[in-house]
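Visitor: Pasting in a structure now, in structure tokens, and then I'll have a few things to ask.
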Amino acid sequence: MDVLRQLKAFYLPERKFLISSILFLMIATALGLIYPNLLRYLIDDVVRPRRFELVPQLALIVVGVISLKALNQFLHGFFGGRLGNRVAYRMRNALYDKLQTLSYQYYDKAKTGDLMSRLTADLEAIRNFIGFGFAQILNMVLMVAFGGAMMLYINWQLTLITLVTIPVLVFLALRFEKLIHPAFREMRQAMSNLTTAVQENITGVRTVKSFAREKHEVTKFSVRNEAYQTNQVGASGLWAKFFPAMELSANMSAVILLVAGGSMVINGSLQLGEFVAFFSLIWYIIGPMWGLGFHINNYTQFKASGERVLGLLNEHIHVKNEEDAIAVSPEQVKGHVRFENVTFNYPDKSAALTDISLDAPAGSVIGLLGATGSGKSTIIQLMMRAYNVKQGSIYLDGMDIRHLDVESLRRQIAPVFQETFLFSASIRDNIAYGVRDVTQEQIEYAAKLSKAHDFIMELPLGYDTIVGERGMGLSGGQKQRIAIARALIKNPRILILDDATSAVDMETEHDIQAGFKELMAGRTTFIIAHRISSLRHADEIIVLDKGRIVQRGKHAELIAKEGPYRDTYNIQYADFVAQEGKPNVIDIQDRRRSIVQ
Ligand SMILES: Nc1ncnc2c1ncn2[C@@H]1O[C@H](COP(=O)(O)OP(=O)(O)OP(=O)(O)O)[C@@H](O)[C@H]1O
């Protein structure tokens, strides 16, 4: 019931459908009660007194009643269907909205397959229950109530005798519910593990194939498939055990009725018509009881799915706007970024950054260099408020970014990551992704700056070429250039290139950077790179080691000093330096070794 209560926000707005569906079902159920009465009338008041002239009239009434009942059943289905679909529609939207607002921290651990199964299989179970299952259970209650009332009215002693097995049935039903619910919960989880395996396998198919790990993947899948099967078998076992037991105790009522009711007819304390009506009415009680297992099944599936969907809807959002968050606009923002003694660690990990201070005046170019895992990308992530900074502060134009509207902050920043993500859409749409209402000229201008235009024009469909999922069909460097065009078209105050040119050759990189100069004049650029050539023109180069700043300055200053920057420089320019016969080359091999270590 808690799940139902928590999902109120989704079905209450559709209450007109809910009420209509229930109302028509009630009418249909009530109309069903007319049959036993007609039967009783037919036997006691028509057949026995031999008033056969009433038969055609009675037959017409039956036709009228069944037609009316069918109409009401249709209306119940119609409104129930609407209700279920509209609720599922709302929930799907709400879940998708939630997925957009969840922070990076959530996605660090999230599994795509699991999320997909919540949005599909779990929603389906909810749709089924809210659309029909709920009304069916209500119908069951109504049938039992109406049928019971009528039976009591006809003969209360016989009613009590007949329904003596009902407590057993109720006990069995409750016990079944208790056992099947955890089974369903496990089944949903097993289903999500299955989808995760499939999704990861398809996404990583190239890795799987190039490492010839197909067999391993098949085994991995089989294990999960087996777990799912075991769950299913377990549930069917419960079903197989409880369903016949419930049916047996329900049928016992019919047996009791035959014996007790038959004796009453024989000794004259019950009319034959009443007995026949009773026999028909008892199915009003037994029928729903038979269906009890099925309804419980439906309800528990709904409950398990509801819990999973609610789990996602109630997921904590780590990064969100303060109440009076300041929305910044591109016209206001200059792009002055300042880090003040920032120390940061990812959840359950030691510090990724320690005491980082940096000042990037508007229009400056900041280079970040350091071994892998030294914290370069983390600096960028924090600047975009992917995670909240707890120690120290980050300022944009003097405003603490914690007080800024997250969306407006991110709108000022255009990042290009090493791993490029392209959508399965046209190249044009991929470039225009971050902005609205762009012209073809703007798209081409950005593509020219990122040196993507020429290769795009060589494709048969040019800008209309549809790229495969995640940019399949393009080379790493081509994807990066499209991603750079996507960032440039945003016309950002702050441009971030996180190892963004690692896949393009040095010459193209040089050309791209020359293009930036023109576009980024007056804007702030952060460049993360492993190649000194990518950073050497930066206004300040920051060298990181294990999350700490170990060197900072311009290229010329850093090269003049002993330290990791010069070591890296020497390694990268070893051949060149050797040819030139410059100093610092004797111990290059040693340094290379020490850096590698
Ligand atoms: N999402 C995350 N969750 C947990 N730990 C993370 C996460 N991202 C990075 N880290 C950890 O934080 C540290 C710094 O990582 P970061 O990605 O900033 O390094 P980097 O200098 O950009 O490395 P690279 O050059 O390899 O991209 C590493 O120890 C890394 O394992």
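Labels for the structure tokens follow display order: chains A, B, ..., residues from 1 in each chain, ligands from 1.
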Pick out the residues sitting within 7 Å of Met246 (chain A), and hand them over as a list of chain:residue names; count only C-alpha atoms, and ignore anything fewer than 4 positions along from it in its own chain.
Guide: A:Leu169, A:Leu172, A:Phe242, A:Ala250, A:Trp290
Visitor: Keeping only N, CA and C atoms, write the selected residues as a PDB file, in the first residue's frame.
Guide:
```pdb
ATOM      1  N   LEU A 169      -8.849 -20.118   2.780  1.00  0.00           N
ATOM      2  CA  LEU A 169      -8.446 -19.507   1.513  1.00  0.00           C
ATOM      3  C   LEU A 169      -7.688 -18.203   1.742  1.00  0.00           C
ATOM      4  N   LEU A 172      -4.244 -18.902   3.028  1.00  0.00           N
ATOM      5  CA  LEU A 172      -3.356 -19.364   1.955  1.00  0.00           C
ATOM      6  C   LEU A 172      -2.927 -18.200   1.061  1.00  0.00           C
ATOM      7  N   PHE A 242       0.643 -23.351  -4.225  1.00  0.00           N
ATOM      8  CA  PHE A 242      -0.461 -22.639  -3.593  1.00  0.00           C
ATOM      9  C   PHE A 242      -1.740 -22.619  -4.421  1.00  0.00           C
ATOM     10  N   ALA A 250     -11.444 -23.631  -2.272  1.00  0.00           N
ATOM     11  CA  ALA A 250     -12.580 -22.916  -2.869  1.00  0.00           C
ATOM     12  C   ALA A 250     -13.650 -23.919  -3.297  1.00  0.00           C
ATOM     13  N   TRP A 290     -10.448 -17.919  -6.657  1.00  0.00           N
ATOM     14  CA  TRP A 290      -9.571 -18.607  -7.597  1.00  0.00           C
ATOM     15  C   TRP A 290      -8.573 -17.623  -8.188  1.00  0.00           C
TER      16      TRP A 290
END
```
Visitor: Give me, as a tab-separated table, each residue of chain A that comes within 12 Å of ligand 1, together with its shortest interatomic pair and the distance in Å at one decimal, counting only C-alpha atoms and all ligand atoms, with rows ordered by chain and rising residue number.
Guide:
```
residue	atom	partner	partner_atom_place_in_ligand_line	distance
A:Ser103	CA	ligand 1	1 (N)	10.9
A:Tyr104	CA	ligand 1	1 (N)	7.4
A:Gln105	CA	ligand 1	1 (N)	6.8
A:Tyr106	CA	ligand 1	1 (N)	9.4
A:Tyr107	CA	ligand 1	1 (N)	8.4
A:Asp108	CA	ligand 1	1 (N)	5.3
A:Lys109	CA	ligand 1	3 (N)	8.5
A:Ala110	CA	ligand 1	1 (N)	11.3
A:Thr343	CA	ligand 1	12 (O)	11.9
A:Phe344	CA	ligand 1	12 (O)	9.2
A:Asn345	CA	ligand 1	12 (O)	7.4
A:Tyr346	CA	ligand 1	4 (C)	4.9
A:Pro347	CA	ligand 1	4 (C)	6.7
A:Asp348	CA	ligand 1	4 (C)	8.1
A:Lys349	CA	ligand 1	5 (N)	6.7
A:Ser350	CA	ligand 1	29 (O)	8.1
A:Ala351	CA	ligand 1	12 (O)	7.7
A:Ala352	CA	ligand 1	13 (C)	4.6
A:Leu353	CA	ligand 1	14 (C)	7.4
A:Thr354	CA	ligand 1	14 (C)	10.9
A:Leu368	CA	ligand 1	21 (O)	8.7
A:Leu369	CA	ligand 1	21 (O)	7.8
A:Gly370	CA	ligand 1	21 (O)	6.1
A:Ala371	CA	ligand 1	25 (O)	6.0
A:Thr372	CA	ligand 1	26 (O)	3.5
A:Gly373	CA	ligand 1	19 (O)	3.4
A:Ser374	CA	ligand 1	21 (O)	3.9
A:Gly375	CA	ligand 1	18 (O)	3.2
A:Lys376	CA	ligand 1	21 (O)	3.9
A:Ser377	CA	ligand 1	22 (O)	3.6
A:Thr378	CA	ligand 1	18 (O)	3.7
A:Ile379	CA	ligand 1	18 (O)	6.6
A:Ile380	CA	ligand 1	18 (O)	8.1
A:Gln381	CA	ligand 1	18 (O)	8.1
A:Leu382	CA	ligand 1	18 (O)	9.7
A:Ala386	CA	ligand 1	1 (N)	9.6
A:Tyr387	CA	ligand 1	1 (N)	9.3
A:Phe417	CA	ligand 1	27 (O)	9.5
A:Gln418	CA	ligand 1	27 (O)	8.1
A:Glu419	CA	ligand 1	27 (O)	10.0
A:Leu497	CA	ligand 1	22 (O)	11.5
A:Asp498	CA	ligand 1	27 (O)	7.9
A:Asp499	CA	ligand 1	27 (O)	7.6
A:Ala500	CA	ligand 1	27 (O)	10.8
A:Ser502	CA	ligand 1	25 (O)	10.9
A:Ile527	CA	ligand 1	22 (O)	11.3
A:Ile528	CA	ligand 1	22 (O)	8.0
A:Ala529	CA	ligand 1	25 (O)	7.9
A:His530	CA	ligand 1	25 (O)	7.6
A:Arg531	CA	ligand 1	25 (O)	11.3
A:Ile542	CA	ligand 1	21 (O)	11.7
A:Val543	CA	ligand 1	21 (O)	10.1
A:Leu544	CA	ligand 1	21 (O)	7.7
A:Asp545	CA	ligand 1	21 (O)	8.3
A:Lys546	CA	ligand 1	14 (C)	7.7
A:Gly547	CA	ligand 1	14 (C)	6.9
A:Arg548	CA	ligand 1	14 (C)	10.6
A:Ile549	CA	ligand 1	21 (O)	11.6
```
Visitor: Find the spatial neighbours of Glu307 (chain A), counting only C-alpha atoms, within a cut-off of 10 Å - ignore same-chain residues fewer than 5 positions away - and output them as a list in words.
Guide: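 Once the nearby chain positions are removed, what remains is Asp2, Val3, Leu4, Gln6, Leu7, Asp122, Arg185, Gln301, Phe302, Leu312 and Leu313 of chain A.
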Visitor: Got time to write the residues from that selection, C-alpha atoms, as a tab-separated table (two decimals), in the first residue's frame?
Guide:
```tsv
chain	number	residue	atom	x	y	z
A	2	ASP	CA	2.95	2.25	0.65
A	3	VAL	CA	3.96	1.96	-3.00
A	4	LEU	CA	0.43	2.88	-4.07
A	6	GLN	CA	3.82	7.05	-3.00
A	7	LEU	CA	2.68	6.79	-6.60
A	122	ASP	CA	9.03	-2.25	-14.35
A	185	ARG	CA	11.80	-8.67	-6.19
A	301	GLN	CA	4.87	-7.65	-9.39
A	302	PHE	CA	3.55	-4.13	-9.24
A	312	LEU	CA	15.06	5.86	-8.83
A	313	LEU	CA	12.56	8.70	-8.45
```
Visitor: Give me the residues within 12 Å of Asn298 (chain A) as a list in words, counting only C-alpha atoms and dropping any in the same chain fewer than 3 places off.
Guide: Glu124, Ala125, Ile126, Arg127, Asn128, Phe129, Ile130, Gly131, Phe132, Gly133, Phe134, Ala135, Gln136, Ile137, Glu177, Ile180, His181, Phe184, Gly291, Leu292, Gly293, Phe294, His295, Gln301, Phe302, Lys303, Ala304, Ser305 and Gly306 of chain A
Visitor: Taking only C-alpha atoms into account, which of A:Ile356, A:Arg338, A:Gln391, A:Leu83 comes nearest Pro13 (chain A)?
Guide: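 Smallest distance to Pro13 (chain A) is found for A:Leu83.
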Visitor: Show me, as a PyMOL selection string, the residues that have an atom within 12 Å of region 193-201 of chain A when counting only C-alpha atoms, minus same-chain residues fewer than 5 positions from it.
Guide: chain A and resi 110-121+186-188+206-209+213-229
Visitor: Export C-alpha atoms of the chosen residues as a PDB file, in the first residue's frame?
Guide:
```pdb
ATOM      1  CA  ALA A 110      24.760   3.416 -12.290  1.00  0.00           C
ATOM      2  CA  LYS A 111      24.217   0.501 -14.647  1.00  0.00           C
ATOM      3  CA  THR A 112      22.609   1.298 -17.962  1.00  0.00           C
ATOM      4  CA  GLY A 113      20.874  -2.074 -18.259  1.00  0.00           C
ATOM      5  CA  ASP A 114      19.354  -1.717 -14.809  1.00  0.00           C
ATOM      6  CA  LEU A 115      18.048   1.757 -15.597  1.00  0.00           C
ATOM      7  CA  MET A 116      16.668   0.546 -18.920  1.00  0.00           C
ATOM      8  CA  SER A 117      14.800  -2.272 -17.222  1.00  0.00           C
ATOM      9  CA  ARG A 118      13.265   0.156 -14.714  1.00  0.00           C
ATOM     10  CA  LEU A 119      12.054   2.308 -17.550  1.00  0.00           C
ATOM     11  CA  THR A 120      10.606  -0.597 -19.500  1.00  0.00           C
ATOM     12  CA  ALA A 121       9.749  -3.867 -17.704  1.00  0.00           C
ATOM     13  CA  GLU A 186      14.684 -11.040  -6.941  1.00  0.00           C
ATOM     14  CA  MET A 187      13.247 -11.746 -10.350  1.00  0.00           C
ATOM     15  CA  ARG A 188      13.182  -8.056 -11.230  1.00  0.00           C
ATOM     16  CA  ARG A 206      34.622  -4.479 -30.293  1.00  0.00           C
ATOM     17  CA  THR A 207      36.594  -5.129 -27.125  1.00  0.00           C
ATOM     18  CA  VAL A 208      34.927  -8.507 -26.696  1.00  0.00           C
ATOM     19  CA  LYS A 209      35.745  -9.558 -30.237  1.00  0.00           C
ATOM     20  CA  ARG A 213      36.215 -13.257 -25.254  1.00  0.00           C
ATOM     21  CA  GLU A 214      32.931 -14.307 -26.811  1.00  0.00           C
ATOM     22  CA  LYS A 215      32.931 -17.583 -24.874  1.00  0.00           C
ATOM     23  CA  HIS A 216      33.581 -15.788 -21.624  1.00  0.00           C
ATOM     24  CA  GLU A 217      30.707 -13.420 -22.365  1.00  0.00           C
ATOM     25  CA  VAL A 218      28.423 -16.328 -23.181  1.00  0.00           C
ATOM     26  CA  THR A 219      29.320 -17.963 -19.863  1.00  0.00           C
ATOM     27  CA  LYS A 220      28.759 -14.698 -18.010  1.00  0.00           C
ATOM     28  CA  PHE A 221      25.384 -14.369 -19.649  1.00  0.00           C
ATOM     29  CA  SER A 222      24.477 -17.988 -18.953  1.00  0.00           C
ATOM     30  CA  VAL A 223      25.136 -17.494 -15.245  1.00  0.00           C
ATOM     31  CA  ARG A 224      22.780 -14.541 -15.130  1.00  0.00           C
ATOM     32  CA  ASN A 225      20.272 -16.260 -17.359  1.00  0.00           C
ATOM     33  CA  GLU A 226      20.344 -19.216 -15.037  1.00  0.00           C
ATOM     34  CA  ALA A 227      19.816 -16.983 -12.021  1.00  0.00           C
ATOM     35  CA  TYR A 228      16.779 -15.530 -13.749  1.00  0.00           C
ATOM     36  CA  GLN A 229      15.543 -18.969 -14.625  1.00  0.00           C
TER      37      GLN A 229
END
```
Visitor: Taking the DSSP assignment computed from this structure's backbone, write out as a VMD selection string all residues of region 264-371 of chain A that belong to alpha helix (DSSP H).
Guide: chain A and resid 264 to 266 272 to 313
Visitor: Could you take the residues named above and write them with N, CA and C atoms, as a short mmCIF file (atom, residue, chain, number, x, y, z; two decimals), in the first residue's frame?
Guide:
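Final output, saved to result-v9.cif:
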```
data_model
loop_
_atom_site.label_atom_id
_atom_site.label_comp_id
_atom_site.auth_asym_id
_atom_site.auth_seq_id
_atom_site.Cartn_x
_atom_site.Cartn_y
_atom_site.Cartn_z
N MET A 264 -31.34 -29.33 2.61
CA MET A 264 -32.37 -28.34 2.95
C MET A 264 -33.52 -28.35 1.96
N VAL A 265 -33.18 -28.57 0.66
CA VAL A 265 -34.24 -28.63 -0.35
C VAL A 265 -35.10 -29.87 -0.09
N ILE A 266 -34.40 -30.99 0.23
CA ILE A 266 -35.14 -32.24 0.47
C ILE A 266 -36.09 -32.09 1.65
N LEU A 272 -36.23 -24.88 -4.40
CA LEU A 272 -35.27 -25.37 -5.40
C LEU A 272 -34.61 -24.19 -6.15
N GLY A 273 -35.44 -23.21 -6.51
CA GLY A 273 -34.92 -22.03 -7.22
C GLY A 273 -33.88 -21.31 -6.40
N GLU A 274 -34.14 -21.22 -5.09
CA GLU A 274 -33.17 -20.55 -4.20
C GLU A 274 -31.85 -21.32 -4.19
N PHE A 275 -31.99 -22.63 -4.16
CA PHE A 275 -30.79 -23.48 -4.14
C PHE A 275 -29.95 -23.28 -5.41
N VAL A 276 -30.65 -23.26 -6.55
CA VAL A 276 -29.94 -23.07 -7.83
C VAL A 276 -29.29 -21.68 -7.85
N ALA A 277 -30.04 -20.67 -7.38
CA ALA A 277 -29.50 -19.31 -7.33
C ALA A 277 -28.27 -19.29 -6.42
N PHE A 278 -28.35 -19.98 -5.35
CA PHE A 278 -27.25 -20.06 -4.39
C PHE A 278 -26.01 -20.66 -5.06
N PHE A 279 -26.28 -21.71 -5.83
CA PHE A 279 -25.18 -22.39 -6.48
C PHE A 279 -24.48 -21.47 -7.49
N SER A 280 -25.31 -20.63 -8.08
CA SER A 280 -24.74 -19.68 -9.05
C SER A 280 -24.00 -18.56 -8.30
N LEU A 281 -24.59 -18.16 -7.17
CA LEU A 281 -23.98 -17.06 -6.40
C LEU A 281 -22.65 -17.45 -5.77
N ILE A 282 -22.54 -18.73 -5.45
CA ILE A 282 -21.32 -19.14 -4.76
C ILE A 282 -20.09 -18.88 -5.63
N TRP A 283 -20.30 -18.91 -6.96
CA TRP A 283 -19.17 -18.63 -7.85
C TRP A 283 -18.76 -17.16 -7.78
N TYR A 284 -19.67 -16.38 -7.27
CA TYR A 284 -19.32 -14.97 -7.04
C TYR A 284 -18.27 -14.86 -5.95
N ILE A 285 -18.25 -15.85 -5.11
CA ILE A 285 -17.25 -15.86 -4.04
C ILE A 285 -16.05 -16.70 -4.46
N ILE A 286 -16.35 -17.88 -5.02
CA ILE A 286 -15.25 -18.80 -5.35
C ILE A 286 -14.43 -18.27 -6.53
N GLY A 287 -15.14 -17.74 -7.53
CA GLY A 287 -14.45 -17.21 -8.73
C GLY A 287 -13.33 -16.24 -8.35
N PRO A 288 -13.67 -15.19 -7.63
CA PRO A 288 -12.62 -14.24 -7.23
C PRO A 288 -11.53 -14.91 -6.40
N MET A 289 -11.93 -15.88 -5.57
CA MET A 289 -10.92 -16.53 -4.72
C MET A 289 -9.92 -17.31 -5.58
N TRP A 290 -10.45 -17.92 -6.66
CA TRP A 290 -9.57 -18.61 -7.60
C TRP A 290 -8.57 -17.62 -8.19
N GLY A 291 -9.14 -16.47 -8.54
CA GLY A 291 -8.31 -15.44 -9.17
C GLY A 291 -7.39 -14.74 -8.18
N LEU A 292 -7.60 -15.06 -6.91
CA LEU A 292 -6.84 -14.36 -5.88
C LEU A 292 -5.33 -14.48 -6.12
N GLY A 293 -4.91 -15.70 -6.44
CA GLY A 293 -3.48 -15.93 -6.69
C GLY A 293 -2.99 -15.05 -7.82
N PHE A 294 -3.78 -14.99 -8.88
CA PHE A 294 -3.40 -14.20 -10.03
C PHE A 294 -3.31 -12.71 -9.66
N HIS A 295 -4.30 -12.25 -8.89
CA HIS A 295 -4.30 -10.84 -8.51
C HIS A 295 -3.14 -10.53 -7.58
N ILE A 296 -2.88 -11.46 -6.70
CA ILE A 296 -1.76 -11.25 -5.78
C ILE A 296 -0.46 -11.19 -6.58
N ASN A 297 -0.38 -12.07 -7.54
CA ASN A 297 0.75 -12.10 -8.44
C ASN A 297 0.95 -10.74 -9.10
N ASN A 298 -0.13 -10.22 -9.64
CA ASN A 298 -0.12 -8.92 -10.29
C ASN A 298 0.31 -7.83 -9.33
N TYR A 299 -0.29 -7.90 -8.14
CA TYR A 299 -0.02 -6.86 -7.15
C TYR A 299 1.43 -6.90 -6.69
N THR A 300 1.94 -8.10 -6.47
CA THR A 300 3.33 -8.18 -5.97
C THR A 300 4.32 -7.77 -7.05
N GLN A 301 4.00 -8.10 -8.29
CA GLN A 301 4.87 -7.65 -9.39
C GLN A 301 4.86 -6.13 -9.41
N PHE A 302 3.69 -5.59 -9.25
CA PHE A 302 3.55 -4.13 -9.24
C PHE A 302 4.34 -3.53 -8.08
N LYS A 303 4.23 -4.18 -6.91
CA LYS A 303 4.90 -3.66 -5.73
C LYS A 303 6.43 -3.69 -5.92
N ALA A 304 6.91 -4.83 -6.43
CA ALA A 304 8.36 -4.93 -6.64
C ALA A 304 8.83 -3.91 -7.66
N SER A 305 8.07 -3.75 -8.73
CA SER A 305 8.46 -2.79 -9.76
C SER A 305 8.32 -1.37 -9.24
N GLY A 306 7.23 -1.14 -8.50
CA GLY A 306 7.00 0.19 -7.93
C GLY A 306 8.15 0.59 -7.02
N GLU A 307 8.64 -0.35 -6.23
CA GLU A 307 9.76 -0.03 -5.33
C GLU A 307 10.99 0.38 -6.13
N ARG A 308 11.22 -0.33 -7.23
CA ARG A 308 12.42 -0.02 -8.04
C ARG A 308 12.28 1.34 -8.73
N VAL A 309 11.07 1.60 -9.22
CA VAL A 309 10.85 2.88 -9.89
C VAL A 309 10.93 4.02 -8.86
N LEU A 310 10.30 3.80 -7.70
CA LEU A 310 10.34 4.84 -6.67
C LEU A 310 11.78 5.05 -6.18
N GLY A 311 12.54 3.95 -6.12
CA GLY A 311 13.94 4.05 -5.71
C GLY A 311 14.68 5.03 -6.61
N LEU A 312 14.39 4.95 -7.89
CA LEU A 312 15.06 5.86 -8.83
C LEU A 312 14.50 7.28 -8.68
N LEU A 313 13.17 7.37 -8.56
CA LEU A 313 12.56 8.70 -8.45
C LEU A 313 13.00 9.41 -7.17
#
```
Visitor: Using DSSP on the backbone, list every residue of region 344-445 of chain A that comes out as strand (DSSP E), and give them as a PyMOL selection string.
Guide: chain A and resi 344-345+351-360+365-370+391-396+399-400+413-416
